[in-house]
$ cat run-v7.cif   # mmCIF, N, CA and C atoms
data_query
loop_
_atom_site.label_atom_id
_atom_site.label_comp_id
_atom_site.auth_asym_id
_atom_site.auth_seq_id
_atom_site.Cartn_x
_atom_site.Cartn_y
_atom_site.Cartn_z
N SER M 1 83.29 -102.28 36.34
CA SER M 1 82.92 -100.88 36.16
C SER M 1 81.45 -100.78 35.73
N LEU M 2 80.87 -99.63 35.94
CA LEU M 2 79.49 -99.39 35.55
C LEU M 2 79.31 -99.56 34.05
N ALA M 3 80.24 -99.01 33.25
CA ALA M 3 80.14 -99.12 31.79
C ALA M 3 80.18 -100.58 31.37
N ARG M 4 81.05 -101.38 31.96
CA ARG M 4 81.14 -102.80 31.62
C ARG M 4 79.86 -103.52 31.99
N ASP M 5 79.33 -103.26 33.18
CA ASP M 5 78.08 -103.90 33.61
C ASP M 5 76.92 -103.50 32.70
N PHE M 6 76.85 -102.24 32.37
CA PHE M 6 75.76 -101.76 31.52
C PHE M 6 75.87 -102.32 30.11
N SER M 7 77.09 -102.39 29.58
CA SER M 7 77.27 -102.89 28.21
C SER M 7 76.90 -104.36 28.10
N ALA M 8 76.98 -105.09 29.21
CA ALA M 8 76.64 -106.51 29.20
C ALA M 8 75.15 -106.74 28.93
N VAL M 9 74.31 -105.77 29.29
CA VAL M 9 72.86 -105.93 29.09
C VAL M 9 72.34 -105.05 27.96
N LEU M 10 73.22 -104.29 27.35
CA LEU M 10 72.85 -103.38 26.27
C LEU M 10 72.69 -104.14 24.96
N HIS M 11 71.74 -103.73 24.15
CA HIS M 11 71.56 -104.33 22.83
C HIS M 11 72.85 -104.18 22.04
N PRO M 12 73.28 -105.21 21.30
CA PRO M 12 74.55 -105.14 20.56
C PRO M 12 74.66 -103.98 19.57
N ALA M 13 73.54 -103.46 19.09
CA ALA M 13 73.58 -102.35 18.14
C ALA M 13 73.76 -100.99 18.83
N CYS M 14 73.72 -100.97 20.16
CA CYS M 14 73.86 -99.73 20.91
C CYS M 14 75.29 -99.57 21.42
N SER M 15 75.69 -98.31 21.64
CA SER M 15 77.03 -98.00 22.13
C SER M 15 76.94 -97.09 23.34
N ILE M 16 77.95 -97.17 24.16
CA ILE M 16 78.12 -96.23 25.27
C ILE M 16 79.21 -95.25 24.86
N VAL M 17 78.92 -93.96 24.95
CA VAL M 17 79.88 -92.94 24.56
C VAL M 17 80.22 -92.10 25.78
N ASN M 18 81.51 -91.93 26.03
CA ASN M 18 81.96 -91.04 27.08
C ASN M 18 82.16 -89.67 26.45
N GLY M 19 81.23 -88.77 26.68
CA GLY M 19 81.35 -87.39 26.21
C GLY M 19 81.73 -86.52 27.39
N TYR M 20 82.89 -85.90 27.33
CA TYR M 20 83.40 -85.11 28.45
C TYR M 20 83.45 -83.64 28.09
N GLY M 21 83.00 -82.82 29.02
CA GLY M 21 83.12 -81.38 28.87
C GLY M 21 83.14 -80.72 30.24
N PRO M 22 84.17 -79.94 30.54
CA PRO M 22 84.22 -79.26 31.82
C PRO M 22 83.14 -78.19 31.91
N SER M 23 82.87 -77.72 33.10
CA SER M 23 81.78 -76.75 33.30
C SER M 23 82.02 -75.44 32.56
N GLU M 24 83.26 -75.14 32.19
CA GLU M 24 83.55 -73.90 31.47
C GLU M 24 83.08 -73.96 30.02
N CYS M 25 82.67 -75.12 29.57
CA CYS M 25 82.22 -75.29 28.19
C CYS M 25 80.72 -75.51 28.16
N THR M 26 80.11 -75.18 27.06
CA THR M 26 78.66 -75.32 26.95
C THR M 26 78.24 -76.68 26.42
N ILE M 27 79.19 -77.51 26.06
CA ILE M 27 78.91 -78.83 25.50
C ILE M 27 80.16 -79.68 25.73
N PHE M 28 80.06 -80.96 25.48
CA PHE M 28 81.26 -81.76 25.66
C PHE M 28 82.26 -81.51 24.54
N VAL M 29 83.54 -81.68 24.86
CA VAL M 29 84.62 -81.35 23.92
C VAL M 29 85.44 -82.57 23.50
N THR M 30 85.28 -83.68 24.21
CA THR M 30 85.94 -84.92 23.81
C THR M 30 84.90 -86.03 23.80
N ALA M 31 85.18 -87.07 23.04
CA ALA M 31 84.27 -88.22 23.01
C ALA M 31 85.04 -89.47 22.65
N ARG M 32 84.57 -90.59 23.19
CA ARG M 32 85.13 -91.88 22.86
C ARG M 32 84.07 -92.94 23.07
N VAL M 33 83.95 -93.84 22.11
CA VAL M 33 83.01 -94.96 22.22
C VAL M 33 83.66 -96.03 23.09
N TYR M 34 82.93 -96.45 24.11
CA TYR M 34 83.41 -97.50 25.01
C TYR M 34 83.47 -98.83 24.27
N GLN M 35 84.60 -99.51 24.41
CA GLN M 35 84.77 -100.85 23.85
C GLN M 35 84.64 -101.86 24.99
N ARG M 36 83.95 -102.95 24.76
CA ARG M 36 83.73 -103.95 25.82
C ARG M 36 85.03 -104.51 26.38
N THR M 37 86.13 -104.37 25.66
CA THR M 37 87.43 -104.85 26.14
C THR M 37 88.19 -103.79 26.93
N ASP M 38 87.66 -102.57 27.03
CA ASP M 38 88.35 -101.50 27.75
C ASP M 38 88.50 -101.82 29.23
N VAL M 39 89.68 -101.51 29.77
CA VAL M 39 89.93 -101.64 31.20
C VAL M 39 89.65 -100.30 31.88
N THR M 40 89.94 -99.21 31.18
CA THR M 40 89.66 -97.86 31.67
C THR M 40 88.67 -97.20 30.72
N PHE M 41 88.24 -96.01 31.05
CA PHE M 41 87.27 -95.28 30.23
C PHE M 41 87.85 -93.91 29.92
N PRO M 42 88.76 -93.83 28.94
CA PRO M 42 89.42 -92.56 28.61
C PRO M 42 88.46 -91.47 28.17
N LEU M 43 88.92 -90.22 28.29
CA LEU M 43 88.11 -89.08 27.86
C LEU M 43 87.87 -89.08 26.36
N GLY M 44 88.81 -89.59 25.60
CA GLY M 44 88.66 -89.62 24.16
C GLY M 44 89.40 -88.48 23.48
N ALA M 45 89.15 -88.37 22.20
CA ALA M 45 89.81 -87.36 21.37
C ALA M 45 88.97 -86.10 21.30
N PRO M 46 89.60 -84.96 21.05
CA PRO M 46 88.82 -83.73 20.90
C PRO M 46 87.92 -83.79 19.68
N LEU M 47 86.74 -83.24 19.82
CA LEU M 47 85.79 -83.16 18.71
C LEU M 47 86.24 -82.08 17.74
N PRO M 48 85.75 -82.11 16.50
CA PRO M 48 86.13 -81.07 15.53
C PRO M 48 85.86 -79.66 16.08
N GLY M 49 86.82 -78.79 15.89
CA GLY M 49 86.68 -77.40 16.36
C GLY M 49 87.24 -77.17 17.75
N TYR M 50 87.78 -78.21 18.39
CA TYR M 50 88.32 -78.07 19.74
C TYR M 50 89.74 -78.59 19.78
N ASP M 51 90.53 -78.01 20.65
CA ASP M 51 91.87 -78.49 20.94
C ASP M 51 91.96 -78.72 22.43
N ILE M 52 92.66 -79.77 22.82
CA ILE M 52 92.90 -80.02 24.24
C ILE M 52 94.38 -80.29 24.44
N ALA M 53 94.85 -80.02 25.64
CA ALA M 53 96.22 -80.31 26.02
C ALA M 53 96.24 -80.61 27.51
N LEU M 54 97.11 -81.52 27.91
CA LEU M 54 97.35 -81.77 29.33
C LEU M 54 98.63 -81.06 29.69
N ILE M 55 98.53 -80.14 30.65
CA ILE M 55 99.64 -79.27 31.02
C ILE M 55 100.04 -79.52 32.47
N ASP M 56 101.34 -79.61 32.69
CA ASP M 56 101.86 -79.73 34.05
C ASP M 56 101.64 -78.39 34.76
N ALA M 57 101.00 -78.43 35.92
CA ALA M 57 100.64 -77.20 36.63
C ALA M 57 101.86 -76.39 37.08
N GLU M 58 102.95 -77.07 37.39
CA GLU M 58 104.13 -76.36 37.89
C GLU M 58 104.99 -75.79 36.77
N SER M 59 105.25 -76.61 35.73
CA SER M 59 106.16 -76.16 34.67
C SER M 59 105.44 -75.41 33.55
N GLY M 60 104.13 -75.64 33.40
CA GLY M 60 103.38 -75.02 32.32
C GLY M 60 103.61 -75.70 30.98
N LYS M 61 104.31 -76.84 31.00
CA LYS M 61 104.60 -77.56 29.77
C LYS M 61 103.65 -78.74 29.60
N GLU M 62 103.44 -79.12 28.33
CA GLU M 62 102.57 -80.24 28.03
C GLU M 62 103.19 -81.54 28.55
N VAL M 63 102.36 -82.41 29.14
CA VAL M 63 102.85 -83.68 29.66
C VAL M 63 102.71 -84.78 28.61
N SER M 64 103.42 -85.85 28.80
CA SER M 64 103.37 -87.00 27.89
C SER M 64 102.14 -87.84 28.19
N CYS M 65 101.79 -88.67 27.23
CA CYS M 65 100.65 -89.58 27.38
C CYS M 65 100.84 -90.44 28.63
N GLY M 66 99.79 -90.54 29.43
CA GLY M 66 99.82 -91.33 30.65
C GLY M 66 100.24 -90.57 31.88
N GLU M 67 100.76 -89.36 31.72
CA GLU M 67 101.15 -88.55 32.87
C GLU M 67 99.98 -87.72 33.37
N ILE M 68 100.10 -87.22 34.58
CA ILE M 68 99.05 -86.40 35.18
C ILE M 68 99.25 -84.95 34.78
N GLY M 69 98.16 -84.29 34.43
CA GLY M 69 98.22 -82.88 34.06
C GLY M 69 96.86 -82.24 34.19
N THR M 70 96.83 -80.94 33.97
CA THR M 70 95.59 -80.17 33.99
C THR M 70 95.08 -80.05 32.56
N LEU M 71 93.80 -80.32 32.38
CA LEU M 71 93.21 -80.27 31.04
C LEU M 71 92.99 -78.82 30.62
N HIS M 72 93.53 -78.45 29.46
CA HIS M 72 93.32 -77.12 28.88
C HIS M 72 92.51 -77.32 27.60
N VAL M 73 91.46 -76.52 27.45
CA VAL M 73 90.54 -76.64 26.32
C VAL M 73 90.54 -75.33 25.53
N ALA M 74 90.53 -75.46 24.20
CA ALA M 74 90.39 -74.29 23.33
C ALA M 74 89.34 -74.62 22.29
N GLY M 75 88.50 -73.64 21.99
CA GLY M 75 87.47 -73.84 20.97
C GLY M 75 86.29 -72.91 21.19
N ASN M 76 85.34 -73.00 20.30
CA ASN M 76 84.20 -72.08 20.33
C ASN M 76 83.28 -72.26 21.53
N ALA M 77 83.28 -73.43 22.16
CA ALA M 77 82.35 -73.67 23.27
C ALA M 77 82.83 -73.09 24.60
N LEU M 78 84.07 -72.64 24.64
CA LEU M 78 84.59 -72.07 25.88
C LEU M 78 83.88 -70.75 26.16
N MET M 79 83.38 -70.61 27.37
CA MET M 79 82.63 -69.40 27.71
C MET M 79 83.54 -68.18 27.65
N THR M 80 83.04 -67.10 27.07
CA THR M 80 83.86 -65.91 26.84
C THR M 80 84.29 -65.22 28.14
N GLU M 81 83.61 -65.48 29.24
CA GLU M 81 84.00 -64.86 30.51
C GLU M 81 85.37 -65.32 30.97
N TYR M 82 85.87 -66.42 30.42
CA TYR M 82 87.17 -66.94 30.80
C TYR M 82 88.30 -66.35 29.96
N LEU M 83 87.97 -65.65 28.90
CA LEU M 83 88.97 -65.09 28.02
C LEU M 83 89.78 -64.02 28.75
N ARG M 84 91.07 -64.16 28.76
CA ARG M 84 91.99 -63.26 29.43
C ARG M 84 91.65 -63.03 30.91
N ALA M 85 91.18 -64.10 31.57
CA ALA M 85 90.85 -64.02 33.00
C ALA M 85 91.59 -65.15 33.73
N PRO M 86 92.90 -65.04 33.94
CA PRO M 86 93.67 -66.12 34.51
C PRO M 86 93.22 -66.56 35.90
N LEU M 87 92.58 -65.70 36.66
CA LEU M 87 92.10 -66.11 37.98
C LEU M 87 90.98 -67.14 37.89
N PHE M 88 90.27 -67.20 36.76
CA PHE M 88 89.17 -68.13 36.60
C PHE M 88 89.57 -69.40 35.86
N THR M 89 90.76 -69.44 35.32
CA THR M 89 91.16 -70.60 34.52
C THR M 89 92.26 -71.39 35.20
#
$ encode --input "run-v7.cif" --output "structure tokens"
Amino acid sequence: SLARDFSAVLHPACSIVNGYGPSECTIFVTARVYQRTDVTFPLGAPLPGYDIALIDAESGKEVSCGEIGTLHVAGNALMTEYLRAPLFT
């Protein structure tokens, strides 16, 4: 992976951070420090002030860890134009 290749030449005091934020947000909402032993590069945990959930598109229920779902974000960075606008979310 690119992260693995890059970390091999990176100074040991430096870290690679996966900061994820969908376009509906003004900043990233999850973060995780890449570990050299990682096989995948997860999105990470929500940052303070944000909540995330993975929701099954058909049932509308939260999915279990490792299952496929749609990412739902709640917090101050969510653009207000999406509030009560289900066609945009």
$ select_by_dssp --input "run-v7.cif" --residues "chain M" --states "strand (DSSP E)" --output "JSON, numbers by chain"
{"M": [17, 18, 19, 20, 30, 31, 32, 33, 45, 46, 50, 51, 52, 53, 54, 55, 70, 71, 72, 73, 74, 75]}
$ atom_distance --input "run-v7.cif" --atom1 "CA of Tyr50 in chain M" --atom2 "CA of Leu71 in chain M"
12.5 Å
$ residues_near_point --input "run-v7.cif" --point "(91.0, -78.9, 27.7)" --cutoff "8 Å" --atoms "only N, CA and C atoms" --output "list in words"
Pro22, Val29, Asp51, Ile52, Ala53, Leu54, Thr70, Leu71, His72, Val73 and Ala74 of chain M
$ write_last_selection --input "run-v7.cif" --atoms "N, CA and C atoms" --output "JSON list (two decimals), in the coordinates of the input"
[["chain", "number", "residue", "atom", "x", "y", "z"],
["M", 22, "PRO", "N", 84.17, -79.94, 30.54],
["M", 22, "PRO", "CA", 84.22, -79.26, 31.82],
["M", 22, "PRO", "C", 83.14, -78.19, 31.91],
["M", 29, "VAL", "N", 83.54, -81.68, 24.86],
["M", 29, "VAL", "CA", 84.62, -81.35, 23.92],
["M", 29, "VAL", "C", 85.44, -82.57, 23.50],
["M", 51, "ASP", "N", 90.53, -78.01, 20.65],
["M", 51, "ASP", "CA", 91.87, -78.49, 20.94],
["M", 51, "ASP", "C", 91.96, -78.72, 22.43],
["M", 52, "ILE", "N", 92.66, -79.77, 22.82],
["M", 52, "ILE", "CA", 92.90, -80.02, 24.24],
["M", 52, "ILE", "C", 94.38, -80.29, 24.44],
["M", 53, "ALA", "N", 94.85, -80.02, 25.64],
["M", 53, "ALA", "CA", 96.22, -80.31, 26.02],
["M", 53, "ALA", "C", 96.24, -80.61, 27.51],
["M", 54, "LEU", "N", 97.11, -81.52, 27.91],
["M", 54, "LEU", "CA", 97.35, -81.77, 29.33],
["M", 54, "LEU", "C", 98.63, -81.06, 29.69],
["M", 70, "THR", "N", 96.83, -80.94, 33.97],
["M", 70, "THR", "CA", 95.59, -80.17, 33.99],
["M", 70, "THR", "C", 95.08, -80.05, 32.56],
["M", 71, "LEU", "N", 93.80, -80.32, 32.38],
["M", 71, "LEU", "CA", 93.21, -80.27, 31.04],
["M", 71, "LEU", "C", 92.99, -78.82, 30.62],
["M", 72, "HIS", "N", 93.53, -78.45, 29.46],
["M", 72, "HIS", "CA", 93.32, -77.12, 28.88],
["M", 72, "HIS", "C", 92.51, -77.32, 27.60],
["M", 73, "VAL", "N", 91.46, -76.52, 27.45],
["M", 73, "VAL", "CA", 90.54, -76.64, 26.32],
["M", 73, "VAL", "C", 90.54, -75.33, 25.53],
["M", 74, "ALA", "N", 90.53, -75.46, 24.20],
["M", 74, "ALA", "CA", 90.39, -74.29, 23.33],
["M", 74, "ALA", "C", 89.34, -74.62, 22.29]]
$ residues_around --input "run-v7.cif" --residues "range 7-11 of chain M" --least-positions-apart "6" --cutoff "12 Å" --atoms "only C-alpha atoms" --output "number ranges by chain"
M: 1, 17, 33-38
$ atom_distance --input "run-v7.cif" --atom1 "CA of Thr40 in chain M" --atom2 "CA of Gly19 in chain M"
14.4 Å
$ residues_near_point --input "run-v7.cif" --point "(98.0, -77.1, 36.2)" --cutoff "6 Å" --atoms "only N, CA and C atoms" --output "list in words"
Ile55, Asp56, Ala57, Glu58, Gly69 and Thr70 of chain M
$ resolve_selection --input "run-v7.cif" --expression "the PyMOL selection byres (((chain M and resi 78 and name CA) around 10) and name CA)" --output "ChimeraX atom specification"
/M:21-27,29,50,73-77,79-83
$ resolve_selection --input "run-v7.cif" --expression "the PyMOL selection byres ((chain M and resi 47) around 6)" --output "list in words"
Val29, Thr30, Ala31, Ala45, Pro46, Pro48, Gly49 and Tyr50 of chain M
$ select_by_dssp --input "run-v7.cif" --residues "chain M" --states "alpha helix (DSSP H)" --output "VMD selection string"
chain M and resid 2 to 9
$ write_last_selection --input "run-v7.cif" --atoms "N, CA and C atoms" --output "mmCIF file, in the coordinates of the input"
data_model
loop_
_atom_site.group_PDB
_atom_site.id
_atom_site.type_symbol
_atom_site.label_atom_id
_atom_site.label_comp_id
_atom_site.auth_asym_id
_atom_site.auth_seq_id
_atom_site.Cartn_x
_atom_site.Cartn_y
_atom_site.Cartn_z
ATOM 1 N N LEU M 2 80.870 -99.630 35.940
ATOM 2 C CA LEU M 2 79.490 -99.390 35.550
ATOM 3 C C LEU M 2 79.310 -99.560 34.050
ATOM 4 N N ALA M 3 80.240 -99.010 33.250
ATOM 5 C CA ALA M 3 80.140 -99.120 31.790
ATOM 6 C C ALA M 3 80.180 -100.580 31.370
ATOM 7 N N ARG M 4 81.050 -101.380 31.960
ATOM 8 C CA ARG M 4 81.140 -102.800 31.620
ATOM 9 C C ARG M 4 79.860 -103.520 31.990
ATOM 10 N N ASP M 5 79.330 -103.260 33.180
ATOM 11 C CA ASP M 5 78.080 -103.900 33.610
ATOM 12 C C ASP M 5 76.920 -103.500 32.700
ATOM 13 N N PHE M 6 76.850 -102.240 32.370
ATOM 14 C CA PHE M 6 75.760 -101.760 31.520
ATOM 15 C C PHE M 6 75.870 -102.320 30.110
ATOM 16 N N SER M 7 77.090 -102.390 29.580
ATOM 17 C CA SER M 7 77.270 -102.890 28.210
ATOM 18 C C SER M 7 76.900 -104.360 28.100
ATOM 19 N N ALA M 8 76.980 -105.090 29.210
ATOM 20 C CA ALA M 8 76.640 -106.510 29.200
ATOM 21 C C ALA M 8 75.150 -106.740 28.930
ATOM 22 N N VAL M 9 74.310 -105.770 29.290
ATOM 23 C CA VAL M 9 72.860 -105.930 29.090
ATOM 24 C C VAL M 9 72.340 -105.050 27.960
#
$ atom_distance --input "run-v7.cif" --atom1 "CA of Pro86 in chain M" --atom2 "CA of Leu43 in chain M"
24.5 Å
$ build_atoms --input "run-v7.cif" --residues "range 53-64 of chain M" --atoms "all heavy atoms" --output "short mmCIF file (atom, residue, chain, number, x, y, z; two decimals), in the coordinates of the input"
data_model
loop_
_atom_site.label_atom_id
_atom_site.label_comp_id
_atom_site.auth_asym_id
_atom_site.auth_seq_id
_atom_site.Cartn_x
_atom_site.Cartn_y
_atom_site.Cartn_z
N ALA M 53 94.85 -80.02 25.64
CA ALA M 53 96.22 -80.31 26.02
C ALA M 53 96.24 -80.61 27.51
O ALA M 53 95.47 -80.03 28.28
CB ALA M 53 97.13 -79.13 25.70
N LEU M 54 97.11 -81.52 27.91
CA LEU M 54 97.35 -81.77 29.33
C LEU M 54 98.63 -81.06 29.69
O LEU M 54 99.70 -81.32 29.12
CB LEU M 54 97.46 -83.27 29.61
CG LEU M 54 96.16 -84.04 29.54
CD1 LEU M 54 96.42 -85.52 29.70
CD2 LEU M 54 95.20 -83.55 30.60
N ILE M 55 98.53 -80.14 30.65
CA ILE M 55 99.64 -79.27 31.02
C ILE M 55 100.04 -79.52 32.47
O ILE M 55 99.19 -79.63 33.35
CB ILE M 55 99.23 -77.78 30.85
CG1 ILE M 55 98.72 -77.51 29.44
CG2 ILE M 55 100.37 -76.85 31.23
CD1 ILE M 55 99.74 -77.66 28.35
N ASP M 56 101.34 -79.61 32.69
CA ASP M 56 101.86 -79.73 34.05
C ASP M 56 101.64 -78.39 34.76
O ASP M 56 102.04 -77.33 34.25
CB ASP M 56 103.35 -80.06 34.02
CG ASP M 56 103.93 -80.16 35.41
OD1 ASP M 56 103.71 -81.20 36.07
OD2 ASP M 56 104.58 -79.19 35.86
N ALA M 57 101.00 -78.43 35.92
CA ALA M 57 100.64 -77.20 36.63
C ALA M 57 101.86 -76.39 37.08
O ALA M 57 101.82 -75.18 37.12
CB ALA M 57 99.76 -77.53 37.83
N GLU M 58 102.95 -77.07 37.39
CA GLU M 58 104.13 -76.36 37.89
C GLU M 58 104.99 -75.79 36.77
O GLU M 58 105.40 -74.64 36.82
CB GLU M 58 104.97 -77.28 38.77
CG GLU M 58 104.28 -77.61 40.09
CD GLU M 58 105.13 -78.49 40.98
OE1 GLU M 58 106.35 -78.60 40.74
OE2 GLU M 58 104.56 -79.07 41.92
N SER M 59 105.25 -76.61 35.73
CA SER M 59 106.16 -76.16 34.67
C SER M 59 105.44 -75.41 33.55
O SER M 59 106.06 -74.66 32.80
CB SER M 59 106.89 -77.35 34.07
OG SER M 59 106.00 -78.17 33.32
N GLY M 60 104.13 -75.64 33.40
CA GLY M 60 103.38 -75.02 32.32
C GLY M 60 103.61 -75.70 30.98
O GLY M 60 103.15 -75.22 29.95
N LYS M 61 104.31 -76.84 31.00
CA LYS M 61 104.60 -77.56 29.77
C LYS M 61 103.65 -78.74 29.60
O LYS M 61 103.15 -79.30 30.58
CB LYS M 61 106.05 -78.06 29.78
CG LYS M 61 107.06 -76.94 29.79
CD LYS M 61 108.46 -77.46 29.77
CE LYS M 61 109.44 -76.29 29.79
NZ LYS M 61 110.81 -76.75 29.79
N GLU M 62 103.44 -79.12 28.33
CA GLU M 62 102.57 -80.24 28.03
C GLU M 62 103.19 -81.54 28.55
O GLU M 62 104.40 -81.74 28.46
CB GLU M 62 102.34 -80.33 26.52
CG GLU M 62 101.19 -81.23 26.16
CD GLU M 62 100.73 -81.05 24.72
OE1 GLU M 62 101.11 -80.06 24.07
OE2 GLU M 62 99.97 -81.91 24.25
N VAL M 63 102.36 -82.41 29.14
CA VAL M 63 102.85 -83.68 29.66
C VAL M 63 102.71 -84.78 28.61
O VAL M 63 101.94 -84.65 27.66
CB VAL M 63 102.11 -84.08 30.96
CG1 VAL M 63 102.32 -83.04 32.04
CG2 VAL M 63 100.64 -84.31 30.72
N SER M 64 103.42 -85.85 28.80
CA SER M 64 103.37 -87.00 27.89
C SER M 64 102.14 -87.84 28.19
O SER M 64 101.55 -87.76 29.27
CB SER M 64 104.62 -87.85 28.05
OG SER M 64 105.77 -87.11 27.74
#
